[in-house]
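Here's the structure, in structure tokens; my notes come after.
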Amino acid sequence: MSTAPIDSIVQLASRLVATPSCGGIDPPQAVLGIVHAWLADNHLKPRLLRDGEGKDVAVLVEIAGAAPGPVLCLDACIDTAPAGDLDQWTEPPFCGAVRGRRLLGRGAADSKSGVAVLAHVARHLAGTSIPRGSVHVLFDADEHTGRFGGVRAYLDSIARPPDAVSLGYPGNDCIVVGSRGFLRARLHFTGKAAHSGEVERTGVNALNKAAAFALKMAASTFPETHDAAFCVRPPPPR
């Protein structure tokens with residue numbers, strides 16, 4: 001394959017965008033079914049992965065090389081953020097329309113175009129000879145909910161974690177190395193109940209504590225990093 005099959009990529013991406021898959025709102029089976037059928041039609045033997053409740057949460061294609069070696073995972077999430085206020089859209093969020101050189105709709109960038117691109121990469125790799133190792137092409141749902149159900153199902157389905165992962169986020173002009181990561185914490189702020197008419201005002205409002213903590217976090221800064229091999233700066237607190 002000397003050039004990328006742009007028309008085919010756009011066609012698949014448009015179908016995916018036109019299929020609502022907002023995380024936590026739309027069941028992902030429909031959009032997973034589209035990419036699963038496309039992969040199967042192209043003789044790639046995709047597998048549907050299920051979570052602990054038996055629900056489809058990801059599609060996986062495994063392409064083995066000629067000899068054992070490292071495993072590379074090419075991943076793009078297939079669910080999206082919610083569409084929000086529909087009146088704020090200039091086009092319907094699930095139109096999947098192409099206007100000039102733009103694909104319109106929720107998930108066009110994050111990351112159904114990436115799914116379409118990597119599906120074609122999988123087809124290309126399956127038709128070549130990988131000398132060693134293997135490539136896993138993963139399209140995971142339940143990402144925008146923060147539960148990462150598709151990735152969890154993938155890790156449960158393989159013998160060991162992949163040696164490297166590349167995410168299919170379109171729009172960058174280069175490969176960005178690194179991952180900022182995240183930490184989720186559940187905090188509890190305690191107060192002291194008191195009557196609003198109490199003269200001595202012994203009550204303590206837990207919301208005031210939480211607000212002070214949030215403001216202190218927002219004002220905090222992280223040290224600059226200067227690692228040439230890890231060019232992604234840490235995110236601000238959220």
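The way I read the labels, and the way they are meant: chains A, B, ... in the order of the structure tokens, residue 1 as the first residue of every chain, and ligand 1 as the first ligand shown, with later ones counted on from there.
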
- Task: DSSP on the backbone, then: every residue of region 2-231 of chain A marked strand (DSSP E), written as a PyMOL selection string.
- Result: chain A and resi 47-50+56-64+71-77+98-99+102-103+134-140+164-167

Kindly export the residues of the current selection with N, CA and C atoms, as an mmCIF file, in the first residue's frame.
data_model
loop_
_atom_site.group_PDB
_atom_site.id
_atom_site.type_symbol
_atom_site.label_atom_id
_atom_site.label_comp_id
_atom_site.auth_asym_id
_atom_site.auth_seq_id
_atom_site.Cartn_x
_atom_site.Cartn_y
_atom_site.Cartn_z
ATOM 1 N N ARG A 47 -12.121 -9.892 17.662
ATOM 2 C CA ARG A 47 -12.776 -10.477 18.823
ATOM 3 C C ARG A 47 -13.515 -9.387 19.584
ATOM 4 N N LEU A 48 -14.743 -9.674 19.985
ATOM 5 C CA LEU A 48 -15.464 -8.794 20.891
ATOM 6 C C LEU A 48 -15.067 -9.144 22.319
ATOM 7 N N LEU A 49 -14.696 -8.135 23.092
ATOM 8 C CA LEU A 49 -14.329 -8.354 24.486
ATOM 9 C C LEU A 49 -15.469 -7.869 25.370
ATOM 10 N N ARG A 50 -15.722 -8.600 26.441
ATOM 11 C CA ARG A 50 -16.843 -8.292 27.333
ATOM 12 C C ARG A 50 -16.352 -7.992 28.741
ATOM 13 N N ASP A 56 -20.532 -6.161 25.773
ATOM 14 C CA ASP A 56 -19.457 -5.859 24.834
ATOM 15 C C ASP A 56 -18.871 -4.488 25.148
ATOM 16 N N VAL A 57 -17.533 -4.431 25.311
ATOM 17 C CA VAL A 57 -16.893 -3.160 25.655
ATOM 18 C C VAL A 57 -15.678 -2.861 24.784
ATOM 19 N N ALA A 58 -15.287 -3.771 23.890
ATOM 20 C CA ALA A 58 -14.107 -3.523 23.059
ATOM 21 C C ALA A 58 -14.063 -4.507 21.901
ATOM 22 N N VAL A 59 -13.288 -4.129 20.891
ATOM 23 C CA VAL A 59 -12.979 -5.012 19.766
ATOM 24 C C VAL A 59 -11.460 -5.108 19.674
ATOM 25 N N LEU A 60 -10.962 -6.319 19.507
ATOM 26 C CA LEU A 60 -9.514 -6.558 19.473
ATOM 27 C C LEU A 60 -9.145 -7.379 18.253
ATOM 28 N N VAL A 61 -8.080 -6.952 17.570
ATOM 29 C CA VAL A 61 -7.463 -7.726 16.498
ATOM 30 C C VAL A 61 -6.022 -7.997 16.897
ATOM 31 N N GLU A 62 -5.603 -9.250 16.837
ATOM 32 C CA GLU A 62 -4.229 -9.629 17.165
ATOM 33 C C GLU A 62 -3.528 -10.097 15.894
ATOM 34 N N ILE A 63 -2.405 -9.458 15.581
ATOM 35 C CA ILE A 63 -1.649 -9.783 14.375
ATOM 36 C C ILE A 63 -0.287 -10.302 14.823
ATOM 37 N N ALA A 64 -0.052 -11.590 14.616
ATOM 38 C CA ALA A 64 1.165 -12.229 15.095
ATOM 39 C C ALA A 64 2.283 -12.106 14.076
ATOM 40 N N VAL A 71 5.203 -6.893 22.186
ATOM 41 C CA VAL A 71 3.822 -6.653 21.771
ATOM 42 C C VAL A 71 3.564 -5.143 21.759
ATOM 43 N N LEU A 72 3.099 -4.643 20.620
ATOM 44 C CA LEU A 72 2.699 -3.246 20.482
ATOM 45 C C LEU A 72 1.187 -3.187 20.392
ATOM 46 N N CYS A 73 0.572 -2.353 21.212
ATOM 47 C CA CYS A 73 -0.881 -2.145 21.159
ATOM 48 C C CYS A 73 -1.169 -0.802 20.514
ATOM 49 N N LEU A 74 -1.972 -0.816 19.464
ATOM 50 C CA LEU A 74 -2.474 0.401 18.829
ATOM 51 C C LEU A 74 -3.915 0.577 19.294
ATOM 52 N N ASP A 75 -4.185 1.647 19.998
ATOM 53 C CA ASP A 75 -5.463 1.786 20.682
ATOM 54 C C ASP A 75 -6.137 3.100 20.317
ATOM 55 N N ALA A 76 -7.458 3.056 20.121
ATOM 56 C CA ALA A 76 -8.271 4.262 19.962
ATOM 57 C C ALA A 76 -9.622 3.993 20.608
ATOM 58 N N CYS A 77 -10.051 4.883 21.481
ATOM 59 C CA CYS A 77 -11.349 4.675 22.129
ATOM 60 C C CYS A 77 -12.471 4.955 21.123
ATOM 61 N N VAL A 98 -19.306 15.335 5.871
ATOM 62 C CA VAL A 98 -18.008 15.858 5.446
ATOM 63 C C VAL A 98 -18.246 17.175 4.731
ATOM 64 N N ARG A 99 -17.643 18.234 5.238
ATOM 65 C CA ARG A 99 -17.744 19.565 4.658
ATOM 66 C C ARG A 99 -16.338 20.023 4.287
ATOM 67 N N ARG A 102 -13.278 18.671 6.330
ATOM 68 C CA ARG A 102 -13.613 18.434 7.729
ATOM 69 C C ARG A 102 -14.704 17.379 7.867
ATOM 70 N N LEU A 103 -14.504 16.475 8.830
ATOM 71 C CA LEU A 103 -15.535 15.525 9.230
ATOM 72 C C LEU A 103 -16.208 16.094 10.468
ATOM 73 N N SER A 134 4.250 -9.040 17.989
ATOM 74 C CA SER A 134 2.875 -8.980 17.510
ATOM 75 C C SER A 134 2.312 -7.586 17.735
ATOM 76 N N VAL A 135 1.218 -7.323 17.021
ATOM 77 C CA VAL A 135 0.521 -6.048 17.130
ATOM 78 C C VAL A 135 -0.912 -6.320 17.551
ATOM 79 N N HIS A 136 -1.341 -5.634 18.592
ATOM 80 C CA HIS A 136 -2.736 -5.679 19.016
ATOM 81 C C HIS A 136 -3.393 -4.366 18.622
ATOM 82 N N VAL A 137 -4.493 -4.440 17.911
ATOM 83 C CA VAL A 137 -5.260 -3.252 17.542
ATOM 84 C C VAL A 137 -6.549 -3.284 18.355
ATOM 85 N N LEU A 138 -6.697 -2.283 19.231
ATOM 86 C CA LEU A 138 -7.776 -2.279 20.216
ATOM 87 C C LEU A 138 -8.660 -1.060 20.036
ATOM 88 N N PHE A 139 -9.974 -1.281 20.018
ATOM 89 C CA PHE A 139 -10.952 -0.197 19.997
ATOM 90 C C PHE A 139 -11.843 -0.379 21.231
ATOM 91 N N ASP A 140 -11.656 0.494 22.201
ATOM 92 C CA ASP A 140 -12.294 0.295 23.499
ATOM 93 C C ASP A 140 -13.384 1.310 23.774
ATOM 94 N N ALA A 164 4.419 -1.762 24.677
ATOM 95 C CA ALA A 164 4.254 -0.346 24.335
ATOM 96 C C ALA A 164 2.850 -0.145 23.794
ATOM 97 N N VAL A 165 2.357 1.083 23.942
ATOM 98 C CA VAL A 165 1.018 1.427 23.466
ATOM 99 C C VAL A 165 1.100 2.750 22.715
ATOM 100 N N SER A 166 0.428 2.809 21.576
ATOM 101 C CA SER A 166 0.313 4.056 20.825
ATOM 102 C C SER A 166 -1.159 4.379 20.672
ATOM 103 N N LEU A 167 -1.542 5.601 21.058
ATOM 104 C CA LEU A 167 -2.941 6.011 21.001
ATOM 105 C C LEU A 167 -3.237 6.735 19.693
#

Please report as a tab-separated table every residue of region 44-74 of chain A lying within 7 Å of region 113-131 of chain A, along with the nearest atom pair and their distance in Å (one decimal), using only C-alpha atoms.
residue	atom	partner	partner_atom	distance
A:Leu44	CA	A:Arg123	CA	6.9
A:Ile63	CA	A:Ala126	CA	6.3
A:Gly65	CA	A:Ile130	CA	4.4
A:Ala66	CA	A:Pro131	CA	5.1
A:Ala67	CA	A:Pro131	CA	6.4

With N, CA, C and O atoms retained, write the just-selected residues as a PDB file, in the first residue's frame.
ATOM      1  N   LEU A  44      -9.903 -10.028   9.154  1.00  0.00           N
ATOM      2  CA  LEU A  44      -8.958  -9.748  10.231  1.00  0.00           C
ATOM      3  C   LEU A  44      -9.259 -10.500  11.524  1.00  0.00           C
ATOM      4  O   LEU A  44      -8.547 -10.355  12.494  1.00  0.00           O
ATOM      5  N   ILE A  63      -2.405  -9.458  15.581  1.00  0.00           N
ATOM      6  CA  ILE A  63      -1.649  -9.783  14.375  1.00  0.00           C
ATOM      7  C   ILE A  63      -0.287 -10.302  14.823  1.00  0.00           C
ATOM      8  O   ILE A  63       0.540  -9.550  15.351  1.00  0.00           O
ATOM      9  N   GLY A  65       3.500 -11.953  14.590  1.00  0.00           N
ATOM     10  CA  GLY A  65       4.673 -11.922  13.730  1.00  0.00           C
ATOM     11  C   GLY A  65       5.229 -13.310  13.492  1.00  0.00           C
ATOM     12  O   GLY A  65       4.705 -14.315  13.993  1.00  0.00           O
ATOM     13  N   ALA A  66       6.321 -13.364  12.745  1.00  0.00           N
ATOM     14  CA  ALA A  66       6.901 -14.652  12.393  1.00  0.00           C
ATOM     15  C   ALA A  66       7.630 -15.303  13.555  1.00  0.00           C
ATOM     16  O   ALA A  66       7.839 -16.515  13.553  1.00  0.00           O
ATOM     17  N   ALA A  67       8.021 -14.525  14.552  1.00  0.00           N
ATOM     18  CA  ALA A  67       8.763 -15.058  15.692  1.00  0.00           C
ATOM     19  C   ALA A  67       8.314 -14.322  16.947  1.00  0.00           C
ATOM     20  O   ALA A  67       7.772 -13.215  16.877  1.00  0.00           O
TER      21      ALA A  67
END

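With distances restricted to only C-alpha atoms, A:Ala108 is the closest residue to Val17 (chain A) from A:Ala214, A:Ala83, A:Ala30, A:Ala108.
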
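One distance worth recording is that between CA of Cys95 (chain A) and CA of Pro5 (chain A), which is 22.0 Å.
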
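For region 66-171 of chain A, a DSSP pass over the backbone yields alpha helix (DSSP H) at Ser113, Gly114, Val115, Ala116, Val117, Leu118, Ala119, His120, Val121, Ala122, Arg123, His124, Leu125, Ala126, Gly149, Gly150, Val151, Arg152, Ala153, Tyr154, Leu155, Asp156 and Ser157 of chain A.
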
- Distance query Asp156 (chain A) at most 12 Å, only C-alpha atoms, self and fewer than 3 positions along chain excluded, as a VMD selection string: chain A and resid 49 to 52 58 149 to 153 159 to 162

Keeping only N, CA and C atoms, write those residues as a short mmCIF file (atom, residue, chain, number, x, y, z; two decimals), in the first residue's frame.
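See part.cif below for the written result:
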data_model
loop_
_atom_site.label_atom_id
_atom_site.label_comp_id
_atom_site.auth_asym_id
_atom_site.auth_seq_id
_atom_site.Cartn_x
_atom_site.Cartn_y
_atom_site.Cartn_z
N LEU A 49 -14.70 -8.13 23.09
CA LEU A 49 -14.33 -8.35 24.49
C LEU A 49 -15.47 -7.87 25.37
N ARG A 50 -15.72 -8.60 26.44
CA ARG A 50 -16.84 -8.29 27.33
C ARG A 50 -16.35 -7.99 28.74
N ASP A 51 -17.14 -7.19 29.44
CA ASP A 51 -16.80 -6.88 30.82
C ASP A 51 -17.34 -7.95 31.75
N GLY A 52 -17.24 -7.72 33.06
CA GLY A 52 -17.68 -8.72 34.03
C GLY A 52 -19.15 -9.00 34.00
N ALA A 58 -15.29 -3.77 23.89
CA ALA A 58 -14.11 -3.52 23.06
C ALA A 58 -14.06 -4.51 21.90
N GLY A 149 -13.66 0.39 30.96
CA GLY A 149 -14.08 -1.00 30.88
C GLY A 149 -13.47 -1.75 29.71
N GLY A 150 -13.31 -1.08 28.55
CA GLY A 150 -12.73 -1.74 27.40
C GLY A 150 -11.27 -2.11 27.61
N VAL A 151 -10.51 -1.19 28.17
CA VAL A 151 -9.09 -1.46 28.43
C VAL A 151 -8.94 -2.55 29.50
N ARG A 152 -9.79 -2.51 30.52
CA ARG A 152 -9.73 -3.55 31.55
C ARG A 152 -10.02 -4.93 30.95
N ALA A 153 -11.03 -4.99 30.07
CA ALA A 153 -11.34 -6.27 29.44
C ALA A 153 -10.18 -6.75 28.56
N ALA A 159 -2.18 -12.50 28.04
CA ALA A 159 -1.32 -13.16 29.02
C ALA A 159 -0.49 -12.16 29.82
N ARG A 160 -0.07 -11.07 29.18
CA ARG A 160 0.74 -10.06 29.86
C ARG A 160 0.48 -8.71 29.21
N PRO A 161 0.72 -7.62 29.91
CA PRO A 161 0.50 -6.30 29.32
C PRO A 161 1.40 -6.08 28.10
N PRO A 162 0.97 -5.25 27.16
CA PRO A 162 1.81 -4.97 25.99
C PRO A 162 3.08 -4.23 26.41
#

Residues near Pro93 (chain A), cut-off 9 Å, only C-alpha atoms, skip fewer than 2 positions along chain, as a PDB file with N, CA and C atoms, in the first residue's frame:
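Generated output (selection_14.pdb):
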ATOM      1  N   VAL A  17     -19.041   8.072  13.399  1.00  0.00           N
ATOM      2  CA  VAL A  17     -19.518   9.320  13.991  1.00  0.00           C
ATOM      3  C   VAL A  17     -21.047   9.372  13.967  1.00  0.00           C
ATOM      4  N   ALA A  18     -21.656   8.847  12.914  1.00  0.00           N
ATOM      5  CA  ALA A  18     -23.112   8.868  12.776  1.00  0.00           C
ATOM      6  C   ALA A  18     -23.808   7.878  13.715  1.00  0.00           C
ATOM      7  N   PRO A  20     -24.308   7.127  17.496  1.00  0.00           N
ATOM      8  CA  PRO A  20     -24.079   7.693  18.838  1.00  0.00           C
ATOM      9  C   PRO A  20     -23.473   6.664  19.787  1.00  0.00           C
ATOM     10  N   ALA A  83     -22.944  14.883  23.870  1.00  0.00           N
ATOM     11  CA  ALA A  83     -23.115  15.904  22.832  1.00  0.00           C
ATOM     12  C   ALA A  83     -23.423  17.272  23.411  1.00  0.00           C
ATOM     13  N   LEU A  86     -27.675  20.607  22.167  1.00  0.00           N
ATOM     14  CA  LEU A  86     -27.790  20.394  20.719  1.00  0.00           C
ATOM     15  C   LEU A  86     -27.972  21.706  19.964  1.00  0.00           C
ATOM     16  N   TRP A  89     -24.795  23.315  18.325  1.00  0.00           N
ATOM     17  CA  TRP A  89     -24.140  22.673  17.189  1.00  0.00           C
ATOM     18  C   TRP A  89     -24.594  23.330  15.883  1.00  0.00           C
ATOM     19  N   THR A  90     -23.647  23.626  15.015  1.00  0.00           N
ATOM     20  CA  THR A  90     -24.007  24.154  13.698  1.00  0.00           C
ATOM     21  C   THR A  90     -24.513  23.053  12.778  1.00  0.00           C
ATOM     22  N   GLU A  91     -24.112  21.816  13.044  1.00  0.00           N
ATOM     23  CA  GLU A  91     -24.620  20.631  12.354  1.00  0.00           C
ATOM     24  C   GLU A  91     -25.027  19.630  13.431  1.00  0.00           C
ATOM     25  N   CYS A  95     -24.233  13.654  12.682  1.00  0.00           N
ATOM     26  CA  CYS A  95     -24.481  13.655  11.237  1.00  0.00           C
ATOM     27  C   CYS A  95     -23.381  12.903  10.484  1.00  0.00           C
ATOM     28  N   GLY A  96     -22.155  12.971  10.959  1.00  0.00           N
ATOM     29  CA  GLY A  96     -21.056  12.330  10.241  1.00  0.00           C
ATOM     30  C   GLY A  96     -20.820  12.930   8.874  1.00  0.00           C
ATOM     31  N   LEU A 104     -17.524  16.246  10.414  1.00  0.00           N
ATOM     32  CA  LEU A 104     -18.264  16.913  11.480  1.00  0.00           C
ATOM     33  C   LEU A 104     -18.985  15.906  12.362  1.00  0.00           C
ATOM     34  N   GLY A 105     -19.035  16.203  13.643  1.00  0.00           N
ATOM     35  CA  GLY A 105     -19.812  15.381  14.559  1.00  0.00           C
ATOM     36  C   GLY A 105     -19.039  15.020  15.810  1.00  0.00           C
ATOM     37  N   ARG A 106     -19.793  14.662  16.859  1.00  0.00           N
ATOM     38  CA  ARG A 106     -19.181  14.265  18.119  1.00  0.00           C
ATOM     39  C   ARG A 106     -18.339  13.014  17.940  1.00  0.00           C
ATOM     40  N   GLY A 107     -17.102  13.096  18.378  1.00  0.00           N
ATOM     41  CA  GLY A 107     -16.203  11.959  18.293  1.00  0.00           C
ATOM     42  C   GLY A 107     -15.357  11.916  17.044  1.00  0.00           C
TER      43      GLY A 107
END

- Message: Rounded to one decimal, what separation in Å do you get between CA of Ala13 (chain A) and CA of Lys112 (chain A)?
- Response: 5.8 Å
